[in-house]
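Here's the structure, in C-alpha cells; my notes come after.
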Amino acid sequence: MERRRVVITGLGALTPVGLTAPESWQAVKDGVCGVAPITQFDHTGMKVHLAAEVKGFWPEEHLGKPEAKRMGRFTQFAVVAAREALASSGLEVAKTDLDRCGVIISSGIGGLSITEAEHDRGLSRGWDRVSPFYIPTAISNMAAGQVAIDAGFRGMCSCPVTACAGGTNAVGDAFHYIRDGYADVMLCGGTESSVTPLAIGGFTSMKALSQSGDPSRASIPFDKERSGFVLGEGAGILVLEELEHALSRGAGIYAEIVGYGATCDAYHMTAPLPDGSGGARAMALALSDGGVAPEEVDYINAHGTSTHLNDAGETAAVKTVFGPHAYRLAVSSTKSMTGHMLGAAGAVEAIFTALTLRDGFLPATIHYQVPDEACDLDVVPNTGRPARARYALSNSLGFGGHNGSVLLKKWEA
C-alpha cells in the first residue's frame, strides 16, 4: 500500500496559558506559568489548592447560549478549538469532499462535572428528575461527535480513551488513517475539563497530585523536589491533511507528521515500568515508522508530568532509544507551564512541537531548581532558546500503561 505524506495545516487550542494556539505558544515561549488557585469550586479543607485552569473563557461568546447549554465544558473547548483550527487551515468546507474528512478527538474523563452535578440532583430530587441532557453531554465521545456535527465531517468519527496518552493516540491514529488512504482531512486532538472536587480528591487520595501551595514549585518536571502533577484543562485540535490535497489548495503548512508508535507496558494500573521500556518501544516504533535514525532527532516534548516515577522512567527510556545521543538532545516539559491536561495533553504538546520546528525555538522546563541525577538530560531549564530542529518527538504515557509517541518533521517545501 502506498504511504501518503501527511502535513499539519491547522491549529487550535484553549490552554491554561492562552485562549488560542498563537496566544498559548507565545506564552510558552515567554515561560508563562498557568498554575494558580482553583476557582471552579470551593477547595477549603482539601489538600490540593492549585490547578491549571483555562482563564477568561466565556462559552456564550463563541457558541451562543442555547448551543453552549447543550455542551459540557470539555465539548465547548473542543468545538471552539476545532473552529480555530479549521479557520487557520483555510479549508473551504463547501469545496471539500466531506465523506473523506473525519474526526478523532480524545477525552480521558469527559463531563465529570456534569456527572457530579446530576448525581447531586438525583439524590435531592429523585433519579427520574436528572437532566435529559445528562448522558449526551457527559459521555467522552461527545466532543468528537459535536465537532463532526459543527464541521459537517462525515468520515470516521472516534474517541480514543487512553488516559493521558489519548491526545497523542488521536493524532497518531489520524495520521495513519490519512497516510493509508482512508481520508484526506482529519480534525484530531484532545480535550479535557476535570478540575472538579471528585477529580482533585481522587487524584489526591492516590498521591498523584502536588500538594504544594506555591505555583512556582508545584509543576516542576525533572526537578529532584517534584512531588506530583498539577491538574490542567483545555483542548488542542489539529487539522491533518494529505500533502497533495493541501498543496492543491495552496494551504500553509506548519509541520509534517512522519511517524507514530503506540505500546502498552502491560505492567500496572497506574505506575509505569521503572525502566521506561514501554515508552522506549513507543519512541522506537515512531522512529521506525518514519524511517528516521535516532541521531536525526533534535528535540523531545516529554510527557514530563512532575511525578517521581514518570520523569525518571521517561529519562531512562530516552537513554535506551538514543544512547549517547540522548545527551545531545533537548528534552523539555511544557507541563511545567500548562499543568497536566490529561486527554488533551498530547494534542496540545503536538501543537507546541510543530511550532518548535516551525520557529526554531525550544520551550523551557520552567521553575527548574534542583537537578536530579535520575533526570540528567538537557531539560532546557527555565528559559527557552533558539535552536535549529529538523525532527522532534512528542511523548505521552498514560495510566493503564498506554504509551504514545508522534514524530514530526520541520516543513521543507
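Labels for the C-alpha cells follow display order: chains A, B, ..., residues from 1 in each chain, ligands from 1.
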*asked:* Can you pull out the residues contacting A:Pro59? Cut-off 12 Å, using only C-alpha atoms, and skip same-chain residues under 3 positions away; I want them as a list in words.
replied: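 The residues that qualify are Leu14, Leu19, Val54, Lys55, Gly56, His62, Leu63, Gly64, Lys65, Pro66, Glu67, Ala68, Lys69, Arg70, Met71, Gly72, Arg73, Phe74, Thr75, Gln76, Phe77, Ala78, Val79, Val80 and Ala81 of chain A.
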*Which neighbours of A:Ile237 fall inside 9 Å, counting only C-alpha atoms, when residues of the same chain fewer than 2 positions from it are skipped, and could you give them as a count of residues only?*
23
*Of the residues A:Tyr299, A:Tyr368, A:Phe399, A:Phe322, which is the one nearest to A:Lys224, using only C-alpha atoms?*
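Closest to A:Lys224, using only C-alpha atoms: A:Tyr368.
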*Identify all residues of stretch 256-384 of chain A in strand (DSSP E) (DSSP on the backbone) and supply them as a ChimeraX atom specification.*
/A:256-264,299-301,330-332,361-362
*Shell of 8 Å around A:Thr270, only C-alpha atoms, local chain residues under 5 positions omitted, as a list of chain:residue names*: A:Gly398, A:Phe399, A:Gly400, A:Gly401
Okay, now the selection with all heavy atoms, as a compact mmCIF listing (two decimals), in the first residue's frame?
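Generated output (out_28.txt):
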# COMPACT_ATOMS: atom_id res chain seq x y z
N GLY A 398 0.29 7.06 29.68
CA GLY A 398 -0.94 7.16 30.45
C GLY A 398 -1.17 6.02 31.42
O GLY A 398 -0.61 4.93 31.27
N PHE A 399 -2.03 6.29 32.42
CA PHE A 399 -2.49 5.22 33.32
C PHE A 399 -2.99 4.05 32.48
O PHE A 399 -3.61 4.22 31.42
CB PHE A 399 -3.62 5.72 34.21
CG PHE A 399 -3.18 6.62 35.34
CD1 PHE A 399 -4.13 7.21 36.16
CD2 PHE A 399 -1.85 6.88 35.59
CE1 PHE A 399 -3.75 8.04 37.21
CE2 PHE A 399 -1.45 7.70 36.62
CZ PHE A 399 -2.40 8.28 37.44
N GLY A 400 -2.77 2.85 32.99
CA GLY A 400 -3.11 1.65 32.23
C GLY A 400 -1.94 1.16 31.41
O GLY A 400 -2.02 0.13 30.74
N GLY A 401 -0.83 1.91 31.45
CA GLY A 401 0.36 1.52 30.69
C GLY A 401 0.36 1.96 29.25
O GLY A 401 1.17 1.47 28.45
Just the residues within 7 Å of A:Asp223, please, counting only C-alpha atoms, with nothing from its chain fewer than 5 positions along; format it as a tab-separated table (two decimals) with N, CA and C atoms, in the first residue's frame.
chain	number	residue	atom	x	y	z
A	368	TYR	N	12.70	25.16	37.22
A	368	TYR	CA	13.65	24.08	37.48
A	368	TYR	C	14.75	24.60	38.41
A	369	GLN	N	14.91	23.96	39.57
A	369	GLN	CA	15.90	24.44	40.55
A	369	GLN	C	16.89	23.37	41.00
A	370	VAL	N	16.39	22.17	41.31
A	370	VAL	CA	17.24	21.16	41.93
A	370	VAL	C	17.45	19.99	40.97
A	371	PRO	N	18.64	19.85	40.40
A	371	PRO	CA	18.90	18.76	39.46
A	371	PRO	C	18.74	17.39	40.13
A	372	ASP	N	18.29	16.44	39.34
A	372	ASP	CA	18.11	15.06	39.80
A	372	ASP	C	19.01	14.17	38.95
Nearby residues (only C-alpha atoms) at most 7 Å from A:Cys164, same-chain spacing under 5 positions excluded, as a compact mmCIF listing (two decimals) with N, CA, C and O atoms, in the first residue's frame:
# COMPACT_ATOMS: atom_id res chain seq x y z
N GLY A 108 -10.10 11.93 28.28
CA GLY A 108 -9.85 10.86 29.23
C GLY A 108 -11.01 10.62 30.17
O GLY A 108 -11.28 9.49 30.57
N LEU A 342 -4.32 15.92 30.91
CA LEU A 342 -4.88 14.58 30.74
C LEU A 342 -5.08 14.24 29.26
O LEU A 342 -4.13 14.23 28.49
N GLY A 343 -6.32 13.97 28.85
CA GLY A 343 -6.57 13.57 27.47
C GLY A 343 -6.27 14.62 26.43
O GLY A 343 -6.15 14.32 25.25
N ALA A 345 -3.52 16.62 26.79
CA ALA A 345 -2.10 16.96 26.90
C ALA A 345 -1.32 16.65 25.62
O ALA A 345 -0.58 17.50 25.11
N SER A 396 3.62 10.76 25.15
CA SER A 396 2.56 10.70 26.16
C SER A 396 2.54 9.30 26.76
O SER A 396 2.61 8.30 26.04
N LEU A 397 2.41 9.25 28.09
CA LEU A 397 2.39 7.99 28.82
C LEU A 397 1.22 8.02 29.80
O LEU A 397 1.16 8.91 30.64
N GLY A 398 0.29 7.06 29.68
CA GLY A 398 -0.94 7.16 30.45
C GLY A 398 -1.17 6.02 31.42
O GLY A 398 -0.61 4.93 31.27
N PHE A 399 -2.03 6.29 32.42
CA PHE A 399 -2.49 5.22 33.32
C PHE A 399 -2.99 4.05 32.48
O PHE A 399 -3.61 4.22 31.42
*Can you pull out every residue within 7 Å of stretch 274-286 of chain A, counting only C-alpha atoms, but drop anything in the same chain fewer than 5 positions away, and send it as number ranges by chain?*
A: 259-265, 309, 313-314, 316-318, 320-321, 397, 403-407
Can you write out the residues you just picked, keeping N, CA and C atoms, as a PDB file, in the first residue's frame?
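Everything below was put into part.pdb:
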ATOM      1  N   GLY A 259       5.905   9.807  11.704  1.00  0.00           N
ATOM      2  CA  GLY A 259       5.936   8.529  12.400  1.00  0.00           C
ATOM      3  C   GLY A 259       5.074   8.518  13.647  1.00  0.00           C
ATOM      4  N   TYR A 260       4.670   7.317  14.042  1.00  0.00           N
ATOM      5  CA  TYR A 260       3.800   7.143  15.214  1.00  0.00           C
ATOM      6  C   TYR A 260       4.052   5.774  15.804  1.00  0.00           C
ATOM      7  N   GLY A 261       4.197   5.722  17.122  1.00  0.00           N
ATOM      8  CA  GLY A 261       4.330   4.458  17.815  1.00  0.00           C
ATOM      9  C   GLY A 261       3.428   4.415  19.027  1.00  0.00           C
ATOM     10  N   ALA A 262       2.801   3.277  19.277  1.00  0.00           N
ATOM     11  CA  ALA A 262       1.930   3.089  20.438  1.00  0.00           C
ATOM     12  C   ALA A 262       2.186   1.707  21.025  1.00  0.00           C
ATOM     13  N   THR A 263       2.355   1.655  22.341  1.00  0.00           N
ATOM     14  CA  THR A 263       2.623   0.395  23.033  1.00  0.00           C
ATOM     15  C   THR A 263       1.871   0.372  24.361  1.00  0.00           C
ATOM     16  N   CYS A 264       1.962  -0.777  25.035  1.00  0.00           N
ATOM     17  CA  CYS A 264       1.404  -0.901  26.390  1.00  0.00           C
ATOM     18  C   CYS A 264       2.441  -1.541  27.299  1.00  0.00           C
ATOM     19  N   ASP A 265       2.593  -1.002  28.502  1.00  0.00           N
ATOM     20  CA  ASP A 265       3.504  -1.600  29.476  1.00  0.00           C
ATOM     21  C   ASP A 265       3.044  -2.990  29.911  1.00  0.00           C
ATOM     22  N   LEU A 309       8.107   8.757  39.452  1.00  0.00           N
ATOM     23  CA  LEU A 309       8.220   7.583  38.596  1.00  0.00           C
ATOM     24  C   LEU A 309       8.231   7.959  37.125  1.00  0.00           C
ATOM     25  N   GLY A 313      11.508   7.413  34.746  1.00  0.00           N
ATOM     26  CA  GLY A 313      11.304   6.365  33.751  1.00  0.00           C
ATOM     27  C   GLY A 313      11.408   6.879  32.330  1.00  0.00           C
ATOM     28  N   GLU A 314      10.875   8.076  32.082  1.00  0.00           N
ATOM     29  CA  GLU A 314      10.958   8.629  30.733  1.00  0.00           C
ATOM     30  C   GLU A 314      12.398   8.988  30.378  1.00  0.00           C
ATOM     31  N   ALA A 316      15.021   7.392  31.472  1.00  0.00           N
ATOM     32  CA  ALA A 316      15.634   6.104  31.155  1.00  0.00           C
ATOM     33  C   ALA A 316      15.232   5.631  29.764  1.00  0.00           C
ATOM     34  N   ALA A 317      13.984   5.862  29.396  1.00  0.00           N
ATOM     35  CA  ALA A 317      13.507   5.459  28.078  1.00  0.00           C
ATOM     36  C   ALA A 317      14.243   6.205  26.965  1.00  0.00           C
ATOM     37  N   VAL A 318      14.446   7.496  27.158  1.00  0.00           N
ATOM     38  CA  VAL A 318      15.165   8.290  26.157  1.00  0.00           C
ATOM     39  C   VAL A 318      16.588   7.764  26.001  1.00  0.00           C
ATOM     40  N   THR A 320      17.604   4.725  26.553  1.00  0.00           N
ATOM     41  CA  THR A 320      17.534   3.421  25.894  1.00  0.00           C
ATOM     42  C   THR A 320      17.456   3.572  24.381  1.00  0.00           C
ATOM     43  N   VAL A 321      16.625   4.500  23.926  1.00  0.00           N
ATOM     44  CA  VAL A 321      16.407   4.667  22.478  1.00  0.00           C
ATOM     45  C   VAL A 321      17.555   5.407  21.814  1.00  0.00           C
ATOM     46  N   LEU A 397       2.406   9.250  28.089  1.00  0.00           N
ATOM     47  CA  LEU A 397       2.395   7.985  28.815  1.00  0.00           C
ATOM     48  C   LEU A 397       1.222   8.018  29.795  1.00  0.00           C
ATOM     49  N   ASN A 403       1.266   4.031  26.077  1.00  0.00           N
ATOM     50  CA  ASN A 403       2.369   4.874  25.627  1.00  0.00           C
ATOM     51  C   ASN A 403       2.153   5.274  24.174  1.00  0.00           C
ATOM     52  N   GLY A 404       2.367   6.551  23.884  1.00  0.00           N
ATOM     53  CA  GLY A 404       2.249   7.029  22.513  1.00  0.00           C
ATOM     54  C   GLY A 404       3.340   8.028  22.199  1.00  0.00           C
ATOM     55  N   SER A 405       3.813   8.002  20.974  1.00  0.00           N
ATOM     56  CA  SER A 405       4.839   8.950  20.546  1.00  0.00           C
ATOM     57  C   SER A 405       4.612   9.286  19.082  1.00  0.00           C
ATOM     58  N   VAL A 406       4.588  10.577  18.765  1.00  0.00           N
ATOM     59  CA  VAL A 406       4.467  11.006  17.371  1.00  0.00           C
ATOM     60  C   VAL A 406       5.759  11.725  16.974  1.00  0.00           C
ATOM     61  N   LEU A 407       6.185  11.470  15.749  1.00  0.00           N
ATOM     62  CA  LEU A 407       7.408  12.054  15.207  1.00  0.00           C
ATOM     63  C   LEU A 407       7.055  13.094  14.152  1.00  0.00           C
TER      64      LEU A 407
END
*DSSP on the backbone, then: every residue of stretch 78-204 of chain A marked alpha helix (DSSP H), written as a ChimeraX atom specification.*
/A:78-89,112-125,134-138,142-151,166-179,197-204
